[in-house]
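Novice: I have a structure I would like to understand better, so I am pasting it below and will then ask my questions one at a time.
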Amino acid sequence: MDVKAKKIRVLVAKPGLDGHDRGARVVARALRDAGMEVIYTGLHQTPEQVAETALQEDVDVVGLSILSGAHMTLAPKIRHLLNEKDMKDVLFLVGGIIPEEDAEKLIAAGTADQIFTPGDPLDKIIDYINAKFASAE
Amino acid sequence: MERENLNEELNKWRSEVEGLKDRKKNFDTISGEPIDALYTPLDTDELDYGKDLGFPGRYPYTRGVQPNMYRGRLWTMRQFSGFGDASDSNNRYRYLLGQGQTGLSVAFDMPTIMGYDSDHERSLGEVGRCGVAIDSLEDMEVLFDGIPLDRVTTSMTINGPAAVLWAMYLANAEKQGISLNNVGGTIQNDILKEYIAQKSWIFPPEPSMRLITDIFAFAADHVPKWNTISISGYHIREAGSTAVQELAFTLADGFAYVEAGIKAGLNVDRFAPRLSFFFNAHMDFFEEICKYRAARRIWARRMKEKYGAKDPRSLKLRFHTQTAGCSLTAQEPENNIVRTAMEALSAILGGTQSLHTNSMDEVMALPTEKAVKIALRTQQVIAHESGVANTIDPLAGSYFVESLTDKMEAEAEVYFERIDQLGGVLAAIDSGFFQQEIADAAYIYQKAVDSCERVVVGVNRYNCEEPMQIDLLKIDPDVEEKQVGRLKLLRERRDNQALTRSLDDLKSGAAGSDNLIPKILAAVKLYATEGEIVTALKEVFGEYKEKPLF
Amino acid sequence: MLIRGVLMHHLVKDLLAGNRRAAARLITLIENDDEEKRSLLKEIYPHTGKAFIIGITGAPGAGKSSLVDRLLQQIRAEGLTAGIIAVDPTSPFSGGAILGDRIRMQDHALDAGVFIRSMGTRGSLGGLSRSTREAIQVLDAFGKDIVIVETVGVGQSEVDIVKTADSTVVILTPAGGDSVQTIKAGIMEIADVFVINKADLPGAERTATEINMMLDMNGEKPWRPPVLPTVSIKGDGVDKLWEALQEHRTFLEDSGKLLDVRRQRVRRELTEQVEYLVKTRIWDEVRDTIELDSLVEKISKRQQDPYSAAGELLAKINFYKGDHGEGG
């Protein structure tokens, strides 16, 4: 068993109204199996709920899963709320059906640190997170 | 060849083949069902033609529900679409009808699906995004402007608030001067699969089931051509289930609705003829075909033997099919045209009544007009050029197809038993049984793709670095603002006093046991918004909360 | 003191001032065994002892989270504030966990009077996490009137929770055809309140009757645990549960048992702290100065026995070096 006390804590959040949680759940499981602590918000969360949950759970990573096309509204709003809560350092990932053009915009604007889309292997997400925290230590 | 000889020859062949090297270790379907190298008459030994297959249009309907199938009429080509506001979607519908599409299928946006008006705070950023925004009868009038509702049938993908949107459609038909007797179409109205897979729920199971049986009863009396429910495996499959899970869970839901209808005091033959189904067409060609054939046979047998249905229409499993959205890839999206064509072919060989073919770009955004046209053309090519519609159920009698059909039926029966042991569908939902089974299957599949055990062309094999670019549909960013503005005007214009009385009447009806459809119709005609009606019902019914299961 | 230390101790001030971010950060530092952990806890300790601690335990699927959700509504309606610690199991294989209890409680996410924290067991074998008790102290010092701990609901959680909570609620569901005789041994003793959740299912009354009979057989006790039916998804019976918890609290206070219970808890904590310090000291020393591997090698080859080796090892340790564990 891994007895290391420190764990990477990840909030997997489903903001907005779409109920497609296959991706969120598969990713949550994969992150658990990679040794992370995953807090799952459940469906249909408002941006305020997501940000406040991130704060209370003191997560290192916030991962949004959005498949309804509302990412250009929801992601910046949540990023803004996190910044307001003094959580600028949190690693902010967005997954879902995100067209290339939007992905570029979200990264350029400093909203998201990285975007993942269907077809990205689970290891890509895990490796990305692990690399970020390996270099931080 | 005699049976004994055959066995002997088969063994000889087997020992010969054993020495040859296979190109991979496991041969199985996309659902993980192991597949043998060869099927022979030994595999269909038990098959009794009359009992297990029969003739098209005859019990147990394994070969199809109509006697002449596609020789009489081709399947309905029904492309699911909707985006932006009602007038954007109205334009798309007219375009599709102009291109030879034969039925309409409405995709609503997320706020509409979840029962929120466009000006609700939770609707922010979602209005008109993945479907059309409909708030009131006014929007419904615009959506079908210039489209005579007695000449097309319309399918509406709506579940939690199905009664409300259906009422708007009926009220609009009446305004067009059409008798409800002549209005045909389908509402999805399948709340059980929402709890299981799609997760667009509003109310808890009990009141949801009551709304559904209210719809059954109202349609039986007033809208006889309407399919009151489309019991859906599609979303169960999209959530990551196997083919057998899709088959078993969907039919289990179907039986649960039948039981609910009977429990509500309806004679089974009064509502069962209007039940319809909706399946996924995934990539594993033969597994899908066998799934449809098994579904028909299971439904017919149970409806007759367990529920005592006598009307042949109650025994016929009619279904719509959509090709698998989850099989599409964002990488090299044009390959999706090929995938969709294969999937469509399996649905047709499986005897579907209507079909939606996905557009190649749907994994990235709502489809462009060009992509939708190719998707529709795919169906037209299969229908008119391939020749597969010339004869009925052409794969029947194949050793492989018949044995896989039997096997899937048997595996579904095992699931039915498990569900019974758990206390039925609602209890199984409550215990998280379905959700867990699907989550496990989804995870196993993803792991297999990640490890390249399962090949997805252009994703984990033959993938090239340079991305293939295609044009994507852009939703007018002003849609939300415009829709909210129109809604504000509507709220000012209508008779709000009469509306309040109507909503109060609905609430007291909800607390009692009257059929709620006439009350919802009354509110809709006073231009109550969807959100107002749903909120009134929430006050009485409460809201559903999901299970924390992984 | 390092700059990092100074910043961290600001967190305690912020916590006492009601800053939610500080509460969250402190729980993380403690949970991660930060080197400042013990000195932070030292600072927090004087501000604890005010919150009433409720433990909620029961088998997975009994409806713990939805009952906590409903209880929160009740508590907030009374104008009280609450902290929740929801514990889920850490995977023994990967060390990771999925913490999903708060899904049921998200309606309270934006309520400033509620603070919810999910914790993985992180190697603890009981139903609580390694740092549950410390996290309770943080929420206590944070000024929450009530702290609710939701256990994992498997393993030894029943015993762990009773050591931690002032009142323990055991949630059962109707046993269906089964008799409650099958209830895990030990559970009868720990409940201050029994809840039969999903009481709209068949067999609820019978389950309640059987528990009452078993309680009767236990003879006269100063506190007789009530057996209450609830339907947590509808909220039925939750008001009665809250009443029973308040009655139990009054009983504890009036009878002097609360002081008793808490004194016992302090005694255990003190014992554990001493044991912890001794253990840490020994192993630090062993790591620094003694060739453990060669001893293991010798014992494996039967050149020495573990009993005399342990004695020799201890004899080499200097217990009076430095002031361990004082931190800061």
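Letters A, B, ... go to the chains of the structure tokens in the order shown; residues in each chain start at 1; ligands are counted from 1 in the same order.
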Contacts of Gly237 of chain C at 12 Å or less, counting only C-alpha atoms, minus same-chain residues fewer than 3 places along, as a list in words?

Specialist: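 Near Gly237 of chain C, the qualifying residues are Leu67, Arg70, Leu71, Gln74, Val195, Ile196, Asn197, Lys198, Ala199, Asp200, Val227, Leu228, Pro229, Thr230, Val231, Ser232, Ile233, Lys234, Lys240, Leu241, Trp242, Glu243 and Ala244 of chain C.
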
Novice: Please tabulate, as a Markdown table, the residues of chain C that come within 12 Å of chain B, each with its closest pair of atoms and the distance in Å to one decimal, counting only C-alpha atoms and ordering rows by chain, then residue number upward.

Specialist:
```
| residue | atom | partner | partner_atom | distance |
| --- | --- | --- | --- | --- |
| C:Pro60 | CA | B:Ser431 | CA | 10.2 |
| C:Gly61 | CA | B:Ser431 | CA | 7.1 |
| C:Ala62 | CA | B:Ser431 | CA | 9.7 |
| C:Gly63 | CA | B:Lys547 | CA | 9.8 |
| C:Lys64 | CA | B:Pro548 | CA | 11.2 |
| C:Ser65 | CA | B:Pro548 | CA | 9.1 |
| C:Ser66 | CA | B:Lys545 | CA | 9.1 |
| C:Asp69 | CA | B:Lys545 | CA | 11.1 |
| C:Asp88 | CA | B:Pro548 | CA | 11.1 |
| C:Ala97 | CA | B:Phe550 | CA | 10.7 |
| C:Ile98 | CA | B:Phe550 | CA | 7.9 |
| C:Leu99 | CA | B:Pro548 | CA | 8.8 |
| C:Gly100 | CA | B:Pro548 | CA | 5.3 |
| C:Asp101 | CA | B:Pro548 | CA | 6.3 |
| C:Arg102 | CA | B:Pro548 | CA | 8.3 |
| C:Ile103 | CA | B:Pro548 | CA | 6.2 |
| C:Arg104 | CA | B:Lys545 | CA | 6.9 |
| C:Met105 | CA | B:Lys545 | CA | 9.7 |
| C:Gln106 | CA | B:Lys545 | CA | 10.0 |
| C:Asp107 | CA | B:Lys545 | CA | 10.2 |
| C:Gly176 | CA | B:Gly423 | CA | 10.9 |
| C:Lys198 | CA | B:Asp430 | CA | 10.8 |
| C:Leu201 | CA | B:Ala427 | CA | 10.1 |
| C:Pro202 | CA | B:Gly423 | CA | 11.3 |
| C:Ser232 | CA | B:Lys545 | CA | 11.5 |
| C:Ile233 | CA | B:Lys545 | CA | 8.3 |
| C:Lys234 | CA | B:Gly542 | CA | 8.2 |
| C:Gly235 | CA | B:Gly542 | CA | 10.7 |
```

Novice: Kindly save the residues from that selection, with C-alpha atoms included, as a JSON list (two decimals), in the first residue's frame.

Specialist:
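What follows is the written file part.json:
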```json
[["chain", "number", "residue", "atom", "x", "y", "z"],
["C", 60, "PRO", "CA", -22.70, 1.28, 2.40],
["C", 61, "GLY", "CA", -25.96, 2.07, 0.64],
["C", 62, "ALA", "CA", -27.90, 2.58, 3.88],
["C", 63, "GLY", "CA", -28.39, 6.22, 2.97],
["C", 64, "LYS", "CA", -25.86, 7.93, 5.23],
["C", 65, "SER", "CA", -25.11, 10.84, 2.91],
["C", 66, "SER", "CA", -28.71, 11.66, 2.12],
["C", 69, "ASP", "CA", -28.04, 16.17, 3.80],
["C", 88, "ASP", "CA", -14.60, 7.24, 1.89],
["C", 97, "ALA", "CA", -9.77, 7.27, -3.69],
["C", 98, "ILE", "CA", -13.01, 8.55, -5.14],
["C", 99, "LEU", "CA", -14.74, 10.73, -2.61],
["C", 100, "GLY", "CA", -18.35, 11.02, -3.70],
["C", 101, "ASP", "CA", -20.35, 11.52, -0.50],
["C", 102, "ARG", "CA", -20.77, 15.20, -1.01],
["C", 103, "ILE", "CA", -22.75, 14.66, -4.22],
["C", 104, "ARG", "CA", -25.75, 14.26, -1.95],
["C", 105, "MET", "CA", -24.98, 17.43, -0.01],
["C", 106, "GLN", "CA", -24.21, 19.87, -2.83],
["C", 107, "ASP", "CA", -27.35, 21.89, -2.13],
["C", 176, "GLY", "CA", -36.40, -7.68, 4.26],
["C", 198, "LYS", "CA", -35.85, 3.51, 3.77],
["C", 201, "LEU", "CA", -39.73, -0.56, 2.24],
["C", 202, "PRO", "CA", -41.35, -3.76, 3.48],
["C", 232, "SER", "CA", -34.04, 10.13, 3.90],
["C", 233, "ILE", "CA", -34.70, 10.83, 0.22],
["C", 234, "LYS", "CA", -38.04, 12.38, 1.19],
["C", 235, "GLY", "CA", -36.87, 13.81, 4.50]]
```

Novice: Considering only C-alpha atoms, return as a list in words whatever protein or nucleic-acid residues lie within 12 Å of Pro226 of chain C, sequence-local ones (same chain, fewer than 6 positions apart) excluded.

Specialist: Thr168, Val169, Val170, Met188, Ala191, Asp192, Val193, Phe194, Val195, Ile196, Ala208, Thr209, Ile211, Asn212, Met213, Leu215, Asp216, Lys240, Leu241, Trp242, Glu243, Ala244, Leu245, Glu247 and His248 of chain C

Novice: Segment 252-264 of chain C: which residues within 10 Å, counting only C-alpha atoms, same-chain residues fewer than 3 positions away excluded, as a PyMOL selection string?

Specialist: chain C and resi 49+162-167+222-223+246-249+267-270

Novice: Tell me as a ChimeraX atom specification which residues belonging to chain A come within 10 Å of chain C, counting only C-alpha atoms.

Specialist: /A:1-12,25,28-43,45,48-59,85-87

Novice: So, counting only C-alpha atoms, which residue among A:Asp89, A:Asp60, A:Asp123, A:Asp113 is closest to chain B?

Specialist: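 Closest to chain B of all the choices is A:Asp123.
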
Novice: Should the cut-off be 6 Å, what would the residue list for chain B against chain A look like, counting only C-alpha atoms, as a ChimeraX atom specification?

Specialist: /B:110,125-126,129-130,198-200,239,364,443,450

Novice: Atoms to include: N, CA and C atoms. Write the selected residues as a compact mmCIF listing (two decimals), in the first residue's frame.

Specialist:
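Final file, part.txt:
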```txt
# COMPACT_ATOMS: atom_id res chain seq x y z
N MET B 110 -30.18 22.03 -23.54
CA MET B 110 -30.13 21.47 -22.19
C MET B 110 -31.13 22.13 -21.23
N GLY B 125 -25.33 30.28 -20.76
CA GLY B 125 -24.36 29.68 -21.67
C GLY B 125 -24.85 28.45 -22.40
N GLU B 126 -26.05 27.98 -22.09
CA GLU B 126 -26.53 26.73 -22.65
C GLU B 126 -27.70 26.90 -23.62
N ARG B 129 -27.61 25.77 -27.46
CA ARG B 129 -26.28 25.21 -27.74
C ARG B 129 -26.34 23.81 -28.35
N CYS B 130 -26.95 22.89 -27.63
CA CYS B 130 -26.93 21.54 -28.21
C CYS B 130 -28.32 21.10 -28.65
N GLN B 198 -28.61 8.45 -18.89
CA GLN B 198 -28.50 9.75 -19.55
C GLN B 198 -28.51 10.91 -18.56
N LYS B 199 -29.17 10.68 -17.41
CA LYS B 199 -29.08 11.56 -16.25
C LYS B 199 -29.65 12.96 -16.46
N SER B 200 -30.65 13.05 -17.30
CA SER B 200 -31.39 14.30 -17.39
C SER B 200 -32.74 14.08 -16.72
N ALA B 239 -23.47 5.54 -22.69
CA ALA B 239 -22.84 5.68 -21.37
C ALA B 239 -21.78 4.61 -21.16
N MET B 364 -17.54 16.94 -32.38
CA MET B 364 -16.94 18.23 -32.05
C MET B 364 -17.93 19.36 -31.86
N TYR B 443 -15.34 1.56 -18.27
CA TYR B 443 -13.95 1.65 -17.83
C TYR B 443 -13.10 0.57 -18.50
N ASP B 450 -7.02 2.31 -24.61
CA ASP B 450 -5.76 2.94 -24.22
C ASP B 450 -4.57 2.01 -24.40
```

Novice: Mind checking which residues fall within 7 Å of segment 273-282 of chain B, counting only C-alpha atoms, ignoring those fewer than 2 positions away in the same chain, and posting them as a list in words?

Specialist: Trp226, Asn227, Thr228, Ile229, Ser230, Ile231, Ser232, Gly233, Tyr234, Arg237, Asp269, Phe271, Asp284, Glu288, Arg313, Ser314, Leu317, Arg318, Phe319, His320, Thr321, Gln322, Thr323, Ala324, Ser327, Glu343, Ala344, Ser346 and Ala347 of chain B

Novice: Can you tell me, as a ChimeraX atom specification, which residues in segment 134-285 of chain B count as helix (DSSP H, G or I) by DSSP?

Specialist: /B:137-143,162-175,180-182,191-198,205-222,234-238,243-263,268-274,285

Novice: Taking only C-alpha atoms into account, name the residue in B:Glu453, B:Glu417, B:Asp45, B:Asp139 that is nearest to Phe27 of chain B.

Specialist: B:Glu453

Novice: Please provide as a list in words all residues within 8 Å of Val479 of chain B, with the sequence filter that same-chain residues fewer than 2 positions apart are discarded (counting only C-alpha atoms).

Specialist: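 Residues meeting the cut-off are Gly84, Asp85, Val127, Gly128, Ile475, Asp476, Pro477, Glu481, Lys482 and Gln483 of chain B.
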
Novice: Could you save the residues just selected, with N, CA and C atoms, as a compact mmCIF listing (two decimals), in the first residue's frame?

Specialist:
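Result file follows (part_9.txt):
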```txt
# COMPACT_ATOMS: atom_id res chain seq x y z
N GLY B 84 -29.94 26.58 -31.77
CA GLY B 84 -30.28 27.99 -31.76
C GLY B 84 -31.70 28.22 -31.27
N ASP B 85 -32.39 29.16 -31.90
CA ASP B 85 -33.77 29.38 -31.48
C ASP B 85 -34.71 28.70 -32.46
N VAL B 127 -28.21 28.12 -23.72
CA VAL B 127 -29.41 28.33 -24.52
C VAL B 127 -29.11 28.11 -26.01
N GLY B 128 -29.82 27.18 -26.63
CA GLY B 128 -29.66 26.94 -28.06
C GLY B 128 -28.37 26.25 -28.44
N ILE B 475 -22.85 28.53 -33.40
CA ILE B 475 -24.14 29.00 -32.91
C ILE B 475 -24.02 30.50 -32.70
N ASP B 476 -25.00 31.22 -33.19
CA ASP B 476 -25.02 32.66 -33.02
C ASP B 476 -24.95 32.99 -31.53
N PRO B 477 -23.91 33.71 -31.11
CA PRO B 477 -23.77 33.98 -29.67
C PRO B 477 -24.90 34.84 -29.10
N GLU B 481 -29.38 35.89 -25.65
CA GLU B 481 -29.91 37.20 -25.31
C GLU B 481 -31.26 37.45 -25.98
N LYS B 482 -31.33 37.08 -27.28
CA LYS B 482 -32.58 37.30 -28.02
C LYS B 482 -33.72 36.50 -27.41
N GLN B 483 -33.41 35.22 -27.07
CA GLN B 483 -34.43 34.35 -26.53
C GLN B 483 -34.93 34.89 -25.18
```

Novice: Excluding Ser403 of chain B and residues on its chain fewer than 5 positions from it, collect all residues at most 10 Å away from it, counting only C-alpha atoms, and give them as an mmCIF file with C-alpha atoms, in the first residue's frame.

Specialist:
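Here's the written file out-v8.cif:
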```cif
data_model
loop_
_atom_site.group_PDB
_atom_site.id
_atom_site.type_symbol
_atom_site.label_atom_id
_atom_site.label_comp_id
_atom_site.auth_asym_id
_atom_site.auth_seq_id
_atom_site.Cartn_x
_atom_site.Cartn_y
_atom_site.Cartn_z
ATOM 1 C CA TYR B 39 -20.073 -21.630 -36.899
ATOM 2 C CA THR B 40 -21.749 -24.695 -38.348
ATOM 3 C CA PRO B 41 -25.182 -26.347 -38.329
ATOM 4 C CA LEU B 42 -24.194 -27.758 -34.927
ATOM 5 C CA ASP B 43 -24.556 -24.292 -33.472
ATOM 6 C CA THR B 44 -28.137 -23.937 -34.627
ATOM 7 C CA ASP B 45 -29.228 -27.464 -33.799
ATOM 8 C CA GLU B 46 -31.836 -26.321 -31.327
ATOM 9 C CA LEU B 47 -33.338 -23.712 -33.626
ATOM 10 C CA CYS B 290 -28.386 -10.000 -33.486
ATOM 11 C CA GLY B 397 -30.362 -18.848 -41.034
ATOM 12 C CA SER B 398 -26.724 -17.892 -40.827
ATOM 13 C CA MET B 408 -27.689 -12.641 -26.512
ATOM 14 C CA GLU B 409 -31.254 -13.551 -25.678
#
```

Novice: Could you tell me how far atom CA of Phe400 of chain B lies from atom CA of Asp36 of chain B, in Å and to one decimal?

Specialist: 8.9 Å

Novice: Closest to Lys407 of chain B among B:Ala300, B:Ala294, B:Ile262, B:Phe55, using only C-alpha atoms?

Specialist: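 Residue with the minimum atom-to-atom distance to Lys407 of chain B: B:Ala294.
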
Novice: Calculate how many Å separate atom CA of Glu141 of chain B from atom CA of Ile191 of chain B, rounding to one decimal.

Specialist: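 Between these atoms lies a distance of 26.2 Å.
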
Novice: Using Å and a single decimal, report how far atom CA of Gly311 of chain C sits from atom CA of Val296 of chain C.

Specialist: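 Separating atom CA of Val296 of chain C from atom CA of Gly311 of chain C is a distance of 14.0 Å.
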